[in-house]
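To keep things clear, I will list the structure first and then write my remarks on it.
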Amino acid sequence: MKKLLFYTLLILMGSSVYAQKGYDLKFKIEGLADTTVYLGNFFGESTYVKDTARVGKNGEFAFAGKKPLEEGVYFIVLNKTRLFDILISDDQQFSMQTKHPEYVANMKVSGDVENEVFFANLLYNSARNEEAQPYVTVLRDSTSSEASKSAARAELEKLNKKVMAHQDELIGKYPESLLTKIFNANKKIDVPEPPVLDNGKIDSTFSYRYYKTHYWDNFDLADPAMIRLSEPVYKKRVEDYLDKLLIQHPDTLTNAINQLADVTKANKDTYKYFIWMVTVKYQNPEIMGLDEVFVNIYDRYFASGDMDYWANDQLKKNLKERADQLRLSLLGMKAPNLIMLDENLQAKSLYDLKNKYTVIYFYDPDCGHCKKETPKLKQFTDDTSFDVSVFAVSADTSMVKMKKYIKDMHLEPWVTVNGPRTYTEHYQKLYDAFTTPTIYVLDEKKKIIAKKVPAEKLEDFLTRYEKMEALRKEEN
C-alpha cells in the first residue's frame, strides 16, 4: 500500500512538473533557410513579438522558453509577413513541418491534437470556399437571371449549413479546446419565433429581449484567450452590446459596464483589457453626453485604486485631469461662469446674459474650421425665432485679432470676449474645449443642454428640445 502511494505521488509530482514546463515549439519549413523568423501573438487589436529564432540551412528552427505561453492564437512572421497562425493551448511541446509557400496545405503536426484539428479545419473551409466560387460568380454577374441567382443562393446556403455542421461536430468532439472557444465566440444566437400574447398579437419585444438575455451564452468575458484571437472579437462583442442593445444614456451604460466588469474581474488580463477598452471608448464619445460614462469609469476603477496593479502614476494623472475637466461641464449641470474682457477691455459675465438660450462659442481667429463655422452660427442667430444670445470666447491672446474677427465676421450683436484675459479659471479647466470651434448650449438657468453641436444643427436641436420639454411638462 505504501509502495502504491509512493508511485502515485511520483505520478502527481511528474504531472505538476510537466504543467510547469515552458514551451518548446519545433518547426521545419522546406524552402526557407538562413533567415530569422519571429513568433508573434495577438492582444486585442494589436500584435506583439513574443520570441525570435534563426532558421538553419535545412529550414529547421525552434522557439523555447521556461515560462508557458498564454493561451491564444499566435503566428510565424518572416520579413514582417505573417506566414501562418498556430494555436497555443495546454500542449506547448510539439513540432510542425510544412513547405514554403503553401504552408497550410502542406502542414503536418506532431504532438498536438489542437493544431492538427485547427489545420484540418482550415483545409476543410478552403475546400468549401472553392465549391462556393461558381455560385459567388453568378451572384456578382450583373447579367445573371433572377432564377440563376436564386439557385446560387440556395447552393451557398447548403454549403454554409455544411460548414456549420462541421463546426458543431468539432465542438462536440473537442468541447474544451481553444478551437471550440473560437467557434463559440463567433457563433450567432438563434432566436426562436416570438410567442403570441393573450390578446392574439405577436410579442414584438420578444426577439430583442431573448437576444439580449442570451448574448453572452457562448462567450466568456473572463477568459483571457478571448483577447488573444486573430480577430478583435472581444472588443467587437463588447462594443456591439453597449452600442446596439442598450439605451444610449450614461446611467444605463455605466450600470451595464459595471456588471460586465464584475465578470471580467475573475482574470487580471480581461479585467485590465475591458476597463481600458471602455475608458478609451468613452473618453471622446461620438454621442453627446456619454462623456459622463468616462467620468464614472475613472471614479470607480482608477480613482478607487482598482487598476493600480497595472496603471502607472502618469496614466492615472492624465485620466484624472480629463475626468476632472469633463465633470464640470456634463449635460444637465449648471455651466461654470466665465468672466472675461471684451474688445473694450470691459469685463463681461456669462451669467449676465438673460436670454432663454445661450450659446457659448469657443473659437480661434486663426482657425480654418472656425472661419467656416462662424458664418453658419451667425446665420443661425440672424434667422432663428428662438431667443438666443452668443457668448463667443476667443482662444487667442491678441485683442487685435479678436477685434478684426468681430469686424470681418459682423459679430457685433454677440458678446465676444478674450479667453486668456479672464477673471475666472481658464476656460479649458472649466469646459471640454481643447479644440476649436466648440459649441455649448445653455438654457435660461444656464444649465448645459447640449455640447459640441454643429452650428447648422442648432435650429433642429432646439426644436426637438422644446418638443421634449413640452411632453415632459405634460407628463408631470
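Each chain in the C-alpha cells gets a letter, A, B, ..., in the order shown, and its residues are numbered from 1; ligands are numbered from 1 in order too.
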
Which residues, written as an NGL selection string, have at least one atom at most 6 Å from A:Leu39, with only C-alpha atoms counted and residues fewer than 5 positions away on the same chain left out?
:A and (49-51 or 75-76)

List every residue of stretch 317-379 of chain A that DSSP, applied to the backbone of this structure, assigns to strand (DSSP E or B), and report them as a ChimeraX atom specification.
/A:334,339-342,347-349,357-363

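Around stretch 217-221 of chain A, within 8 Å and counting only C-alpha atoms, the residues found are Lys181, Asn184, Ala185, Lys187, His214, Pro224, Met226, Tyr234, Leu260, Val263, Thr264 and Thr270 of chain A, once anything fewer than 3 positions away on its own chain is removed.
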
Same residues, C-alpha atoms, saved as an mmCIF file, in the first residue's frame:
```cif
data_model
loop_
_atom_site.group_PDB
_atom_site.id
_atom_site.type_symbol
_atom_site.label_atom_id
_atom_site.label_comp_id
_atom_site.auth_asym_id
_atom_site.auth_seq_id
_atom_site.Cartn_x
_atom_site.Cartn_y
_atom_site.Cartn_z
ATOM 1 C CA LYS A 181 -13.854 28.630 -27.872
ATOM 2 C CA ASN A 184 -18.431 29.687 -29.949
ATOM 3 C CA ALA A 185 -17.114 33.258 -29.812
ATOM 4 C CA LYS A 187 -21.446 31.797 -33.173
ATOM 5 C CA HIS A 214 -28.554 35.146 -24.311
ATOM 6 C CA PRO A 224 -8.003 35.727 -21.411
ATOM 7 C CA MET A 226 -10.606 35.668 -25.986
ATOM 8 C CA TYR A 234 -13.676 40.569 -27.657
ATOM 9 C CA LEU A 260 -19.656 43.254 -17.220
ATOM 10 C CA VAL A 263 -17.479 39.206 -14.737
ATOM 11 C CA THR A 264 -14.091 40.172 -16.202
ATOM 12 C CA THR A 270 -9.503 40.517 -19.023
#
```

Give one line per residue of stretch 409-435 of chain A that approaches stretch 303-322 of chain A to at most 12 Å, naming the two atoms of the closest pair and their distance in Å to one decimal, counting only C-alpha atoms; sort by chain then ascending residue number and deliver it as CSV.
```
residue,atom,partner,partner_atom,distance
A:Gln428,CA,A:Arg322,CA,10.6
A:Lys429,CA,A:Glu321,CA,9.0
A:Leu430,CA,A:Arg322,CA,11.0
A:Tyr431,CA,A:Arg322,CA,10.6
A:Asp432,CA,A:Arg322,CA,8.8
A:Ala433,CA,A:Arg322,CA,11.6
A:Phe434,CA,A:Arg322,CA,10.9
```

Write a file of the selected residues as a short mmCIF file (atom, residue, chain, number, x, y, z; two decimals), in the first residue's frame, keeping all heavy atoms.
```
data_model
loop_
_atom_site.label_atom_id
_atom_site.label_comp_id
_atom_site.auth_asym_id
_atom_site.auth_seq_id
_atom_site.Cartn_x
_atom_site.Cartn_y
_atom_site.Cartn_z
N GLN A 428 -10.46 76.30 -20.39
CA GLN A 428 -10.17 74.89 -20.67
C GLN A 428 -10.16 74.03 -19.41
O GLN A 428 -10.20 72.80 -19.51
CB GLN A 428 -8.83 74.77 -21.40
CG GLN A 428 -8.89 75.25 -22.84
CD GLN A 428 -7.59 75.07 -23.57
OE1 GLN A 428 -6.53 74.93 -22.95
NE2 GLN A 428 -7.64 75.07 -24.89
N LYS A 429 -10.12 74.66 -18.25
CA LYS A 429 -10.25 73.91 -16.99
C LYS A 429 -11.71 73.74 -16.60
O LYS A 429 -12.04 72.89 -15.77
CB LYS A 429 -9.50 74.63 -15.87
CG LYS A 429 -7.98 74.58 -16.01
CD LYS A 429 -7.30 75.16 -14.79
CE LYS A 429 -5.78 75.04 -14.89
NZ LYS A 429 -5.09 75.57 -13.69
N LEU A 430 -12.56 74.54 -17.20
CA LEU A 430 -13.98 74.52 -16.85
C LEU A 430 -14.84 73.83 -17.91
O LEU A 430 -15.91 73.31 -17.61
CB LEU A 430 -14.49 75.95 -16.64
CG LEU A 430 -13.76 76.77 -15.58
CD1 LEU A 430 -14.26 78.21 -15.59
CD2 LEU A 430 -13.94 76.16 -14.20
N TYR A 431 -14.35 73.84 -19.15
CA TYR A 431 -15.12 73.28 -20.26
C TYR A 431 -14.24 72.36 -21.10
O TYR A 431 -13.02 72.56 -21.19
CB TYR A 431 -15.67 74.40 -21.16
CG TYR A 431 -16.75 75.23 -20.52
CD1 TYR A 431 -16.41 76.33 -19.72
CD2 TYR A 431 -18.09 74.93 -20.70
CE1 TYR A 431 -17.40 77.10 -19.13
CE2 TYR A 431 -19.08 75.69 -20.10
CZ TYR A 431 -18.73 76.78 -19.32
OH TYR A 431 -19.71 77.53 -18.72
N ASP A 432 -14.88 71.38 -21.74
CA ASP A 432 -14.18 70.50 -22.66
C ASP A 432 -14.10 71.23 -24.00
O ASP A 432 -14.91 71.00 -24.91
CB ASP A 432 -14.95 69.19 -22.79
CG ASP A 432 -14.26 68.20 -23.73
OD1 ASP A 432 -13.05 68.38 -23.96
OD2 ASP A 432 -14.94 67.27 -24.20
N ALA A 433 -13.12 72.11 -24.09
CA ALA A 433 -12.99 72.96 -25.28
C ALA A 433 -11.53 73.08 -25.68
O ALA A 433 -11.02 74.18 -25.89
CB ALA A 433 -13.60 74.33 -25.01
N PHE A 434 -10.85 71.95 -25.76
CA PHE A 434 -9.45 71.96 -26.17
C PHE A 434 -9.30 72.23 -27.66
O PHE A 434 -8.26 72.68 -28.11
CB PHE A 434 -8.79 70.62 -25.83
CG PHE A 434 -8.37 70.53 -24.39
CD1 PHE A 434 -9.13 69.83 -23.48
CD2 PHE A 434 -7.21 71.15 -23.96
CE1 PHE A 434 -8.75 69.75 -22.14
CE2 PHE A 434 -6.82 71.08 -22.64
CZ PHE A 434 -7.58 70.38 -21.73
#
```

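Every residue of stretch 286-354 of chain A found in alpha helix (DSSP H) when DSSP is run on the backbone appears here: Asp291, Glu292, Val293, Phe294, Val295, Asn296, Ile297, Asp313, Gln314, Leu315, Lys316, Lys317, Asn318, Leu319, Lys320, Glu321, Arg322, Ala323, Asp324, Gln325, Leu326 and Arg327 of chain A.
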
Which residues, written as a PyMOL selection string, have at least one atom at most 12 Å from A:Lys173, with only C-alpha atoms counted and residues fewer than 5 positions away on the same chain left out?
chain A and resi 113-114+117+166-168+179-180

Applying 12 Å and only C-alpha atoms, which residues near A:Thr35 remain after dropping the ones on its own chain fewer than 5 positions away? List them as a list in words.
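Listed by chain and then number, they are Ile29, Thr52, Ala53, Arg54, Val55, Gly56, Lys57, Asn58, Gly59, Glu60, Phe61, Val77, Leu78 and Asn79 of chain A.
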
Contact check, stretch 18-55 of chain A to stretch 67-70 of chain A, at most 7 Å, counting only C-alpha atoms, closest pairs as CSV:
```
residue,atom,partner,partner_atom,distance
A:Lys21,CA,A:Pro68,CA,6.6
A:Gly22,CA,A:Pro68,CA,4.0
A:Tyr23,CA,A:Pro68,CA,5.4
```

Produce a file of the selected residues containing all heavy atoms, as an mmCIF file, in the first residue's frame.
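out.cif, freshly written:
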```cif
data_model
loop_
_atom_site.group_PDB
_atom_site.id
_atom_site.type_symbol
_atom_site.label_atom_id
_atom_site.label_comp_id
_atom_site.auth_asym_id
_atom_site.auth_seq_id
_atom_site.Cartn_x
_atom_site.Cartn_y
_atom_site.Cartn_z
ATOM 1 N N LYS A 21 6.234 23.206 -17.058
ATOM 2 C CA LYS A 21 7.196 23.363 -18.131
ATOM 3 C C LYS A 21 6.811 24.556 -18.989
ATOM 4 O O LYS A 21 5.643 24.919 -19.088
ATOM 5 C CB LYS A 21 7.235 22.110 -19.002
ATOM 6 C CG LYS A 21 8.071 20.969 -18.427
ATOM 7 C CD LYS A 21 8.098 19.816 -19.414
ATOM 8 C CE LYS A 21 8.923 18.654 -18.876
ATOM 9 N NZ LYS A 21 8.941 17.523 -19.819
ATOM 10 N N GLY A 22 7.805 25.113 -19.667
ATOM 11 C CA GLY A 22 7.536 26.217 -20.558
ATOM 12 C C GLY A 22 7.068 25.713 -21.913
ATOM 13 O O GLY A 22 6.335 24.737 -21.999
ATOM 14 N N TYR A 23 7.547 26.345 -22.966
ATOM 15 C CA TYR A 23 7.140 25.956 -24.306
ATOM 16 C C TYR A 23 8.357 25.530 -25.124
ATOM 17 O O TYR A 23 9.470 26.022 -24.928
ATOM 18 C CB TYR A 23 6.397 27.101 -25.002
ATOM 19 C CG TYR A 23 7.222 28.361 -25.205
ATOM 20 C CD1 TYR A 23 7.858 28.623 -26.420
ATOM 21 C CD2 TYR A 23 7.346 29.305 -24.184
ATOM 22 C CE1 TYR A 23 8.600 29.776 -26.618
ATOM 23 C CE2 TYR A 23 8.084 30.466 -24.371
ATOM 24 C CZ TYR A 23 8.702 30.696 -25.592
ATOM 25 O OH TYR A 23 9.447 31.836 -25.778
#
```

Excluding A:Asn418 and residues on its chain fewer than 4 positions from it, collect all residues at most 12 Å away from it, counting only C-alpha atoms, and give them as a VMD selection string.
chain A and resid 338 to 349 361 to 365 391 to 403 405 to 406 422 to 423 426 to 427

Let me make sure I understand: among A:Gly31, A:Gly40, A:Pro101, A:Gly419, which one has the smallest atom-to-atom distance to A:Leu229 if we use only C-alpha atoms?
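The answer is A:Gly40, which sits nearest to A:Leu229.
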
May I ask which of the residues A:Val415, A:Ala455, A:Ala335, A:Leu170 is the closest one to A:Lys378, counting only C-alpha atoms?
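When distances to A:Lys378 are compared using only C-alpha atoms, the smallest one comes from A:Ala455.
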
Could you check how far atom CA of A:Lys80 sits from atom CA of A:Ile227, in Å to one decimal?
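Calculated distance between atom CA of A:Lys80 and atom CA of A:Ile227 is 22.0 Å.
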
Within 12 Å of A:Leu377, counting only C-alpha atoms, which residues qualify if same-chain residues fewer than 5 places away don't, as a PyMOL selection string?
chain A and resi 359-363+370-372+382-384+388-392+409-411+414+437-439+453-459

Which residue out of A:Asn115, A:Thr205, A:Ser142, A:Asn129 has the minimum interatomic distance to A:Ser177 when only C-alpha atoms are used?
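Between A:Asn115, A:Thr205, A:Ser142, A:Asn129, the residue approaching A:Ser177 most closely is A:Asn115.
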